[in-house]
Each structure stands twice: as structure tokens, then as C-alpha cells.
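S.K.: One structure, as C-alpha cells, below. Some questions next.
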Amino acid sequence: MHNEQTLALSKAMEEKKDQSYNRMVEKFGDNAPARASGATTHSGIPIKSAYFPHDIEGIDLTKDIGAPGQYPFTRGNLPAQYQFMNWANQPVMGFGLPEDTRARMDHLTAKGMTGYFGQTNYNLVYDLVSHEGLDPDHPGARGRVGQCGMGVYSKQDMAILFDGLDLRKINVVHITYYQSIPALAQYIALAEDQGLSASDLRGNSMNWYHQSAYVGSSAFAPDNGQKLAVELISYCNKNMPRWNTTNMFGYGVEEAGGTAVQEIGLMLAYGIDLVRDAQKTGMAADDVLMRVGFQIAQANDFFEEICKVRALRRIWSTYMKEEMGAEDPRAMHVRIHCHTSGAVLTAQQPLVNLIRTTLHAFGAALSGVQAMEVSGYDEALSIPTEESATLALRVQQVIQEETNITAVSDPLAGSYYVESLTNEIANQALELVAKIEEQGGYIAAQKKGYIRREVEASADRWRELVESGERAIVGLNCYVEENEPKPEIFRVDREAEKVAITRVKKLRADRDADAYESAMANLKIVATDFAAKDVSEIGDGSLIEAAVAAARADATTGEMMSILTTALGWKTPHEY
Amino acid sequence: MSIDQQSEARVRVMLAKPTHDCHDRGVRLVARQMRDAGFEVIFCDFLVPSEIITNVVEEDVNVLGVSCSAGGHMPIFEDLIAAFKELKLDDLFLIGGGVIPEDDADELKEMGVKAIFGPGTSPASAIEMIKQEFAA
């Protein structure tokens with residue numbers, strides 16, 4: 001990247017600096033802080049005390065960095081980053097009954113929550129009962145209705161949630177675990193009740209089966225999860241051109257204790273497997289990739305987290321173009337919803353978390369993401385209160401409106417440190433991808449337990465560093481307050497559970513029993529048939545169509561999931 | 001209380017996690033550290049409390065730790081404590097961990113839960129507590 005003369009100068013400058021620096025190290029001796037020599041990033045990548053032009057030697061300006069909107073998109077997907085449009089505010093919402101969640105949606109809308117080009121978008125998380133594939137009257141649901149998400153289990157619940165909203169004008173992210181198909185089916189059936197069709201809908205399914213490699217809750221058998229993912233992509237490809245089908249859940253890797261390198265390496269490894277399996281059904285790489293997005297964390301190592309995002313854009317686009325056959329630039333883009341890390345927030349001195357989340361959001365803005373959720377400062381205590389959710393939105397708004405960050409794309413490009421670290425993270429992530437490919441791909445590595453072991457080893461290492469004090473956490477292992485005031489805790493009204501149970505029972509009593517029975521009998525046949533198929537034989541949309549027919553007949557999430565889990569296998573993931 | 005009537009006896013700990021709750025990073029870390037500390041550790045997922053109760057009886061454990069990071073912990077502990085009373089498992093050392101609000105933790109301790117290990121606590125503190133309880 002530099003001529004011989006610059007390189008020689010650069011190396012000479014570092015040498016001179018090192019001489020004086022090393023004298024300081026010697027002078028301080030044992031009193032020198034650990035970071036004075038041998039510093040590493042949180043991923044364990046060695047870093048120097050200063051960077052020079054020769055540190056980016058070997059990095060190619062066009063092949064590795066490029067310009068905003070130019071392949072390999074290290075500097076951003078589009079020529080413009082935030083100049084014409086801010087990143088979308090996408091706070092996660094969901095608790096209690098559908099009307100409780102709706103009240104929070106309306107509250108944050110009133111506070112200025114804004115999507116792309118001023119649109120309204122809602123990022124809605126379902127509750128644990130729904131994630132487990134149950135209805136609220138199941139014995140296993142006791143105490144969990146509307147916890148950690150909204151208690152929405154049917155088309156009828158969705159009608160309450162979206163009452164009076166024109167579904168064509170809103171963009172809805174349905175944060176489900178493995179109930180993506182029932183939730184999508186219910187949303188389509190609701191649209192039909194409003195005289196719309198599936199093709200009118202805008203939003204996102206998570207298609208998160210791949211998270212069972214590193215997340216704990218019950219899941220489908222990995223091969224069958226993959227088939228369900230491909231089925232949904234195939235259906236949407238034909239019927240829902242504006243629907244985003246899959247969310248690459250890197251955030252879950254980071255929250256489970258994984259490093260920045262693991263977060264992006266695992267997502268690329270899974271993306272490769274997903275494209276490969278979708279291609280077996282006759283889809284092209286572009287058919288899959290144009291509607292794939294990412295959820296990526298921003299945690300505490302400020303520069304590493306920024307470089308991680310830049311590295312991800314580069315390795316994803318390069319691999320998808322060179323190896324997987326992506327042709328349309330949009331199929332090479334990494335569209336990111338950034339979620340600031342919850343795992344690094346503390347229950348101790350909770351207001352301090354506002355400072356952490358501000359730094360996370362600041363880093364995300366510098367890295368160039370498309371949407372953001374900022375965690376509430378009470379994340380380690382409960383579902384966010386209205387106050388903490390509002391403040392989390394204000395963090396985004398302050399950065400967007402007051403700092404002038406939005407004027408310049410990829411402002412850290414060209415920093416010797418940032419380019420060097422971006423390159424190193426990219427290389428290490430590609431090494432992880434190669435190791436997974438050697439095992440036969442992501443799903444094969446998942447089945448061997450490799451992915452879980454790797455992520456857990458990182459979680460253990462993190463914990464050791466916290467316990468030894470090497471990794472400082474303000475309020476936890478340093479600057480501890482003895483007598484902290486009791487924080488305000490958000491609680492879901494326990495009455496919500498009773499109401500949800502009454503509603504689901506009434507729904508079952510009131511619906512057309514014949515229509516329901518016949519739709520469910522068909523879903524069972526289709527699901528059993530689907531389970532027996534190889535991934536290359538799926539993609540005719542029959543499973544989704546059967547689920548939509550069941551949703552039209554007011555089938556609940558628990559009822560549909562009961563058929564799917566029976567047909568496709570359902571266990572806690574470490575038992576697979 | 002002592003379990004080393006036989007010199008080989010090791011403390012048997014069961015750690016249980018609701019299948020609903022994806023936040024298993026903490027409990028799996030606790031499981032590994034307890035195993036390294038010399039306990040016999042059994043890890044079980046459960047959908048309903050009756051599954052834990054069956055496992056506790058069958059495995060004859062000394063300690064039961066229930067991890068809950070997503071709300072809904074109160075009904076689980078209520079069911080467990082009622083069942084253990086009925087089964088006269090008075091010696092079972094019941095502890096909890098995860099995101100459990102302080103008020104709930106106080107209530108649970110009144111109900112007979114020995115300790116609640118909230119966010120930020122170290123697995124070592126639970127290990128130390130168990131070691132003291134079951135010291136020879």
C-alpha cells in the first residue's frame with residue numbers, strides 16, 4: 001500500500017518509538033500495568049501500543065478495503081451511510097398481553113422511534129412459552145406467560161397487537177426462536193383477514209434454527225431445523241418478495257460467551273451451509289442472500305467490535321461472491337441490526353449501564369450498521385421499564401442528532417490500527433470457517449458439539465479473567481459500592497397469565513371446529529411427509545401453506561408446534 | 001450434617017434449568033466449576049417442576065440448584081418446596097441462581113431456599129457454601 005521510502009520511514013519511526021517505550025517498560029518494571037506490554041483484544045488478539053503505516057502493508061486498498069458501496073463492502077454496503085437516512089431505531093419490545101406490548105410500541109413511537117425513511121417498524125419478541133412451542137394453558141407455561149416477550153399465540157392475539165394499523169405500512173420483525181413458521185403463518189392469515197395478501201407484507205422472520213448450536217433452549221434436530229429454514233426461504237422467495245427471511249444470529253454467539261472472531265466466523269460458516277442447502281432445492285445464491293440480515297452485538301472492546309463489523313462485511317461478500325456464486329451486489333451485503341450487549345451489563349450500579357450502552361451504540365454508529373437496539377440500563381434486572389426503554393432510545397437519538405457522526409461514512413477507515421485489526425479479525429474468522437468446512441460444514445460441526453465447545457471455552461476464559469480481575473467490570477470487581485439503593489424493577493402483571501389462558505380457551509371453544517380439524521389433519525400429513533424428505537426434495541412451500549391454512553382456522557402456536565415437534569424431533573440442544 | 005459416612009462419598013449436586021430459558025451460559029459454567037471442585041454434578045433441563053422432583057429422588061442428590069434468568073421462578077420454587085416437604089426430603093440443600101429480583105430472593109429464603117446467587121456472583125461462592133455445609 002505504501003512505497004519503499006514510506007515503509008522504511010515507518011519502520012524506523014516504530015523502532016525509535018520502541019526504544020523509548022521499552023525504556024519506560026524497564027523503568028516501571030513490575031509496576032507497569034499488564035496492558036503496557038503484551039496487551040490483547042477481548043478476543044485474545046495481540047495488539048501493539050501504537051500502529052504505523054507498515055502495519056497495513058499487505059492489505060490491498062481495492063481488494064480488502066474498497067470504498068463505501070464498493071465490493072468488498074468493508075466500508076459499508078452503499079455509497080451513502082447515514083447521510084440520507086439514519087440507522088433505524090429498532091428497540092426490542094414485548095411483554096405481557098398483546099395490548100401491553102402495543103402500549104409500549106405506541107409509547108416509543110410517540111418518543112420518536114423511527115425506521116428507514118421515516119417508516120414505522122416494530123421489533124417484537126415473543127415470550128418464552130411461545131419459544132418453547134406451548135400455549136399459555138400448558139402446565140409448563142405457568143409463571144412464564146408474557147415474560148421476556150409478548151404472550152401472542154394466535155391470529156386473534158395478533159389482531160389485538162396490530163389493531164388499527166395498516167400492515168402494508170409497517171415493518172414487523174417477529175423475534176421467534178423455532179416457531180418462525182407458525183408466527184409467520186398467523187401474520188399472513190391476519191393480513192388476509194384485512195383483505196391483503198402475503199406479498200403485501202414487510203418484515204422479518206428470524207429462522208434461527210442455527211442458534212441451537214450455541215443457545216440452550218429446546219430445539220428441533222439440527223438437520224430438520226435446516227430444512228425448516230430452507231422451506232421458509234423458498235416460500236418467501238416465491239410469495240413474499242419484501243419479506244426478510246433469515247437473521248444471522250451472531251449476537252447470540254457473543255452473549256453465550258463467544259469472541260468477536262467466533263461471532264462473525266460462525267455466521268459465515270452457517271451462511272455457507274445455508275446457501276449450499278438452498279441450492280440443493282434449485283435456488284440460486286442470490287435468491288437466498290438478498291433477504292438475509294444479521295443481528296450483531298456491540299460489546300466492551302470498543303475498537304475490536306468496530307473492526308469485527310468491517311471484517312464481517314468483507315469476508316461475507318468475498319466468500320459469497322467468490323465461492324458461493326452471489327452475483328447481485330445486494331446478495332453480498334451484510335445488513336446489520338446491532339443489539340448492544342446485554343451480557344456485559346451489570347445488576348450492580350445499574351445506571352452505569354447507560355454509559356456502557358452509549359459506548360456500544362457509539363461504536364455501532366462508527367462501524368456503520370443499519371438498525372439498532374440499545375439495551376435498557378436495567379437489562380440485568382428485568383424487562384426494561386418505560387423509563388429505561390425511553391432512555392435507551394434517547395441514546396440513539398443523541399448520537400444521531402447531536403454528534404455529527406452521521407455526516408461521514410466509515411470514519412475510522414485508514415487508521416493503521418483499525419485497518420490492521422480488521423484484517424487480523426477477518427483472517428482469524430476465515431481460519432475458523434476453514435476448520436468448520438473441514439468437518440463438513442456448520443450443521444455437521446454442530447452435531448459433533450464442536451461449536452458449543454468452542455463458544456463455551458471462550459465463556460470460561462472470559463469468566464476467569466473477570467474473577468482474576470484481569471478483565472475489569474466497574475461496580476463488580478472494581479469501584480464496588482457497598483450500599484446500593486434498591487433499583488426499580490419492572491414486573492409483568494400476574495393477571496396477564498389468567499387473561500391469556502381465558503382467551504386461548506375461548507378461542508378453542510368459538511372457532512369453527514370442522515375447519516380447524518381438517519386444517520390440522522392436513523398439517524400433520526404434510527409435516528410427517530416433510531420430516532421424511534431430504535433437504536433437496538423440499539421447497540414446494542407445502543409446509544408453510546399448510547401452516548397458513550391452520551392459522552386461518554385459528555390454530556394456536558402451541559397446537560401447530562405440537563405437530564411440528566412431534567414430526568421433526570424436539571430436545572434440549574446439547575442432547576443431540 | 002455430613003455425607004462422608006463412606007470415605008469415597010462425594011457431594012452430589014443437581015443443577016436444573018427450564019427448557020424455556022435460553023440463558024444457560026451461567027448454569028453451565030457453574031456445572032463445570034462444581035465438577036472441577038470435586039462434586040458429582042448432574043445437569044438436567046426441565047419443562048415442568050415434576051421432572052426435577054423425579055430426578056432428585058432417583059439420583060438421590062444432596063444439593064439442588066435451580067437456574068432461572070427469564071422470570072417465572074416463583075411458581076417453580078413453590079411447586080418444588082411443596083413436593084420436597086411431602087416427600088420429607090428435609091436434608092436436600094436447595095439453592096437458586098440467575099436473574100431473580102431481591103424481593104423474590106428474600107421471599108424464597110423465607111420459604112426455605114438456602115441461597116440465591118444473583119447476577120455478578122461467582123460460582124466459587126456457591127461452591128464454598130456447599131463445601132461448608134457438607135464438610136466432614
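Letters A, B, ... go to the chains of the C-alpha cells in the order shown; residues in each chain start at 1; ligands are counted from 1 in the same order.
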Once you count only C-alpha atoms, which residues of chain A turn out to be within 8 Å of chain B? Could you give them as a PyMOL selection string?

M.R.: chain A and resi 128-129+131-132+139-140+142-144+147-148+215-218+256-257+346-348+380-382+456+459-460+467+476+489+572

S.K.: Based on the selection just made, write C-alpha atoms of those residues as a PDB file, in the first residue's frame.

M.R.:
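File produced: out39.pdb:
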```pdb
ATOM      1  CA  LEU A 128     -40.777 -17.983  26.447  1.00  0.00           C
ATOM      2  CA  VAL A 129     -43.976 -20.010  26.254  1.00  0.00           C
ATOM      3  CA  HIS A 131     -40.470 -20.053  22.099  1.00  0.00           C
ATOM      4  CA  GLU A 132     -41.000 -23.430  23.740  1.00  0.00           C
ATOM      5  CA  PRO A 139     -48.606 -26.703  32.736  1.00  0.00           C
ATOM      6  CA  GLY A 140     -45.086 -25.793  31.588  1.00  0.00           C
ATOM      7  CA  ARG A 142     -47.010 -21.404  34.484  1.00  0.00           C
ATOM      8  CA  GLY A 143     -45.240 -18.230  35.588  1.00  0.00           C
ATOM      9  CA  ARG A 144     -43.830 -17.584  32.113  1.00  0.00           C
ATOM     10  CA  GLN A 147     -42.144 -12.980  30.448  1.00  0.00           C
ATOM     11  CA  CYS A 148     -39.180 -11.948  28.336  1.00  0.00           C
ATOM     12  CA  VAL A 215     -28.044 -21.422  22.749  1.00  0.00           C
ATOM     13  CA  GLY A 216     -29.667 -23.580  25.416  1.00  0.00           C
ATOM     14  CA  SER A 217     -33.436 -23.791  24.917  1.00  0.00           C
ATOM     15  CA  SER A 218     -35.249 -26.765  23.327  1.00  0.00           C
ATOM     16  CA  ALA A 256     -23.183 -17.084  25.012  1.00  0.00           C
ATOM     17  CA  GLY A 257     -19.592 -16.027  25.663  1.00  0.00           C
ATOM     18  CA  THR A 346     -24.357  -5.332  35.435  1.00  0.00           C
ATOM     19  CA  ALA A 347     -27.022  -5.623  38.093  1.00  0.00           C
ATOM     20  CA  GLN A 348     -24.688  -3.564  40.297  1.00  0.00           C
ATOM     21  CA  ALA A 380     -29.530  -7.379  34.154  1.00  0.00           C
ATOM     22  CA  LEU A 381     -32.535  -6.889  36.435  1.00  0.00           C
ATOM     23  CA  SER A 382     -35.740  -7.188  34.431  1.00  0.00           C
ATOM     24  CA  GLU A 456     -18.054 -22.345  25.950  1.00  0.00           C
ATOM     25  CA  ALA A 459     -17.104 -18.064  28.017  1.00  0.00           C
ATOM     26  CA  ASP A 460     -14.924 -19.847  30.575  1.00  0.00           C
ATOM     27  CA  GLU A 467     -12.549 -13.452  38.516  1.00  0.00           C
ATOM     28  CA  LEU A 476     -18.471  -5.704  40.078  1.00  0.00           C
ATOM     29  CA  ILE A 489     -37.906  -3.492  38.837  1.00  0.00           C
ATOM     30  CA  THR A 572     -32.613 -29.591  24.524  1.00  0.00           C
TER      31      THR A 572
END
```

S.K.: Choose the residue, out of A:Ala426, A:Thr340, A:Leu228, A:Asp127, that has the smallest atom-to-atom separation from Ala141 in chain A; count only C-alpha atoms.

M.R.: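 Of the candidates, the smallest distance to Ala141 in chain A is held by A:Asp127.
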
S.K.: Just give me the gap between CA of Tyr178 in chain A and CA of Gly368 in chain A in Å, one decimal is fine.

M.R.: 29.3 Å

S.K.: May I have all residues of range 52-148 of chain A that DSSP, computed from the backbone, assigns to strand (DSSP E or B), given as an MDAnalysis selection string?

M.R.: chainID A and resid 88:89 92:93 120:126

S.K.: I need the residues from that last selection saved to file as a compact mmCIF listing (two decimals), in the first residue's frame (with N, CA and C atoms), if you can.

M.R.:
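Saved result, out-v7.txt, follows:
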```
# COMPACT_ATOMS: atom_id res chain seq x y z
N ALA A 88 -32.01 2.74 11.55
CA ALA A 88 -33.35 2.59 12.10
C ALA A 88 -33.27 2.34 13.60
N ASN A 89 -34.16 2.98 14.34
CA ASN A 89 -34.28 2.67 15.77
C ASN A 89 -35.13 1.40 15.87
N VAL A 92 -36.13 -3.61 20.93
CA VAL A 92 -36.89 -4.83 21.10
C VAL A 92 -38.03 -4.57 22.08
N MET A 93 -39.23 -4.99 21.69
CA MET A 93 -40.38 -4.78 22.57
C MET A 93 -41.14 -6.09 22.71
N THR A 120 -42.54 3.24 10.02
CA THR A 120 -42.68 2.68 11.36
C THR A 120 -42.24 1.23 11.33
N ASN A 121 -41.33 0.88 12.20
CA ASN A 121 -41.02 -0.54 12.32
C ASN A 121 -41.13 -0.98 13.77
N TYR A 122 -41.52 -2.23 13.92
CA TYR A 122 -41.69 -2.80 15.25
C TYR A 122 -40.85 -4.06 15.35
N ASN A 123 -40.02 -4.10 16.37
CA ASN A 123 -39.14 -5.24 16.59
C ASN A 123 -39.70 -5.99 17.80
N LEU A 124 -40.46 -7.04 17.52
CA LEU A 124 -41.30 -7.64 18.57
C LEU A 124 -40.82 -9.03 18.97
N VAL A 125 -40.64 -9.21 20.26
CA VAL A 125 -40.15 -10.51 20.74
C VAL A 125 -41.30 -11.28 21.40
N TYR A 126 -41.41 -12.55 21.03
CA TYR A 126 -42.42 -13.44 21.61
C TYR A 126 -41.94 -13.96 22.96
```

S.K.: As an exercise, work out the distance from CA of Leu184 in chain A to CA of Asp510 in chain A in Å and give it to one decimal place.

M.R.: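 Those two atoms sit 22.6 Å apart.
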
S.K.: Which residue is closest to Ile52 in chain B? Choose from B:Ala37, B:Ile127, B:Ile81, B:Val30 and count only C-alpha atoms.

M.R.: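 Checking each candidate against Ile52 in chain B, we get B:Ile81 as the closest.
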
S.K.: As a ChimeraX atom specification, which residues of chain B does DSSP assign to helix (DSSP H, G or I)?

M.R.: /B:25-36,49-59,73-86,102-111,123-133

S.K.: Can you list, as a PyMOL selection string, every protein, DNA or RNA residue that comes within 7 Å of range 92-96 of chain B when you count only C-alpha atoms, leaving out same-chain residues fewer than 6 positions away?

M.R.: chain B and resi 62-67+113-117

S.K.: Excluding range 310-312 of chain A and residues on its chain fewer than 3 positions from it, collect all residues at most 8 Å away from it, counting only C-alpha atoms, and give them as a list in words.

M.R.: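 The neighbour list is Thr74, Arg75, Gly76, Ile264, Ile306, Cys307, Ile315, Trp316, Val334, Ser367, Thr422, Asn423, Ile425 and Ala426 of chain A.
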
S.K.: Would you pick out the contacts of Tyr450 in chain A at 9 Å or less, using only C-alpha atoms, so that residues sharing its chain but fewer than 6 positions from it are not included, and give the list as a PyMOL selection string?

M.R.: chain A and resi 213+436+444

S.K.: I'd like to know which of A:Ile181, A:Ile56, A:Val418, A:Ala527 is closest to Glu305 in chain A, using only C-alpha atoms.

M.R.: A:Val418

S.K.: Tell me, as a CSV table (one decimal) with C-alpha atoms, in the first residue's frame, which residues lie within 8 Å of range 221-225 of chain A, counting only C-alpha atoms; anything in the same chain fewer than 5 positions away does not count.

M.R.:
```csv
chain,number,residue,atom,x,y,z
A,209,TYR,CA,-32.5,-22.8,13.9
A,210,HIS,CA,-28.7,-22.3,13.7
A,212,SER,CA,-29.3,-24.2,18.7
A,443,ILE,CA,-24.5,-28.3,10.8
A,446,GLN,CA,-22.9,-28.5,15.4
A,447,LYS,CA,-23.8,-32.2,15.6
A,531,ALA,CA,-39.8,-34.9,8.0
A,568,LEU,CA,-39.3,-33.4,13.4
A,569,GLY,CA,-37.9,-34.1,16.9
A,570,TRP,CA,-37.6,-31.7,19.8
A,571,LYS,CA,-35.0,-31.8,22.6
A,573,PRO,CA,-29.8,-29.0,22.0
A,576,TYR,CA,-28.5,-34.0,20.0
```

S.K.: Can you pull out every residue within 10 Å of His339 in chain A, counting only C-alpha atoms, but drop anything in the same chain fewer than 6 positions away, and send it as a PyMOL selection string?

M.R.: chain A and resi 90-92+250-251+295-299+357+360-361+364+371-375

S.K.: Output the selection as a CSV table (one decimal), in the first residue's frame - C-alpha atoms for each residue.

M.R.:
```
chain,number,residue,atom,x,y,z
A,90,GLN,CA,-35.3,-0.9,16.5
A,91,PRO,CA,-35.8,-1.3,20.2
A,92,VAL,CA,-36.9,-4.8,21.1
A,250,GLY,CA,-24.2,-13.5,15.7
A,251,TYR,CA,-25.4,-11.7,18.8
A,295,GLN,CA,-28.1,-9.4,14.4
A,296,ILE,CA,-24.6,-8.4,15.6
A,297,ALA,CA,-23.5,-7.4,19.1
A,298,GLN,CA,-21.5,-4.4,20.2
A,299,ALA,CA,-19.8,-5.2,23.5
A,357,THR,CA,-24.7,1.2,26.2
A,360,HIS,CA,-21.7,0.4,22.4
A,361,ALA,CA,-24.1,2.5,20.3
A,364,ALA,CA,-22.0,0.6,16.3
A,371,ALA,CA,-30.5,-0.6,12.7
A,372,MET,CA,-30.0,-0.6,16.4
A,373,GLU,CA,-31.4,-1.8,19.6
A,374,VAL,CA,-29.8,-0.3,22.7
A,375,SER,CA,-30.3,-2.4,25.9
```
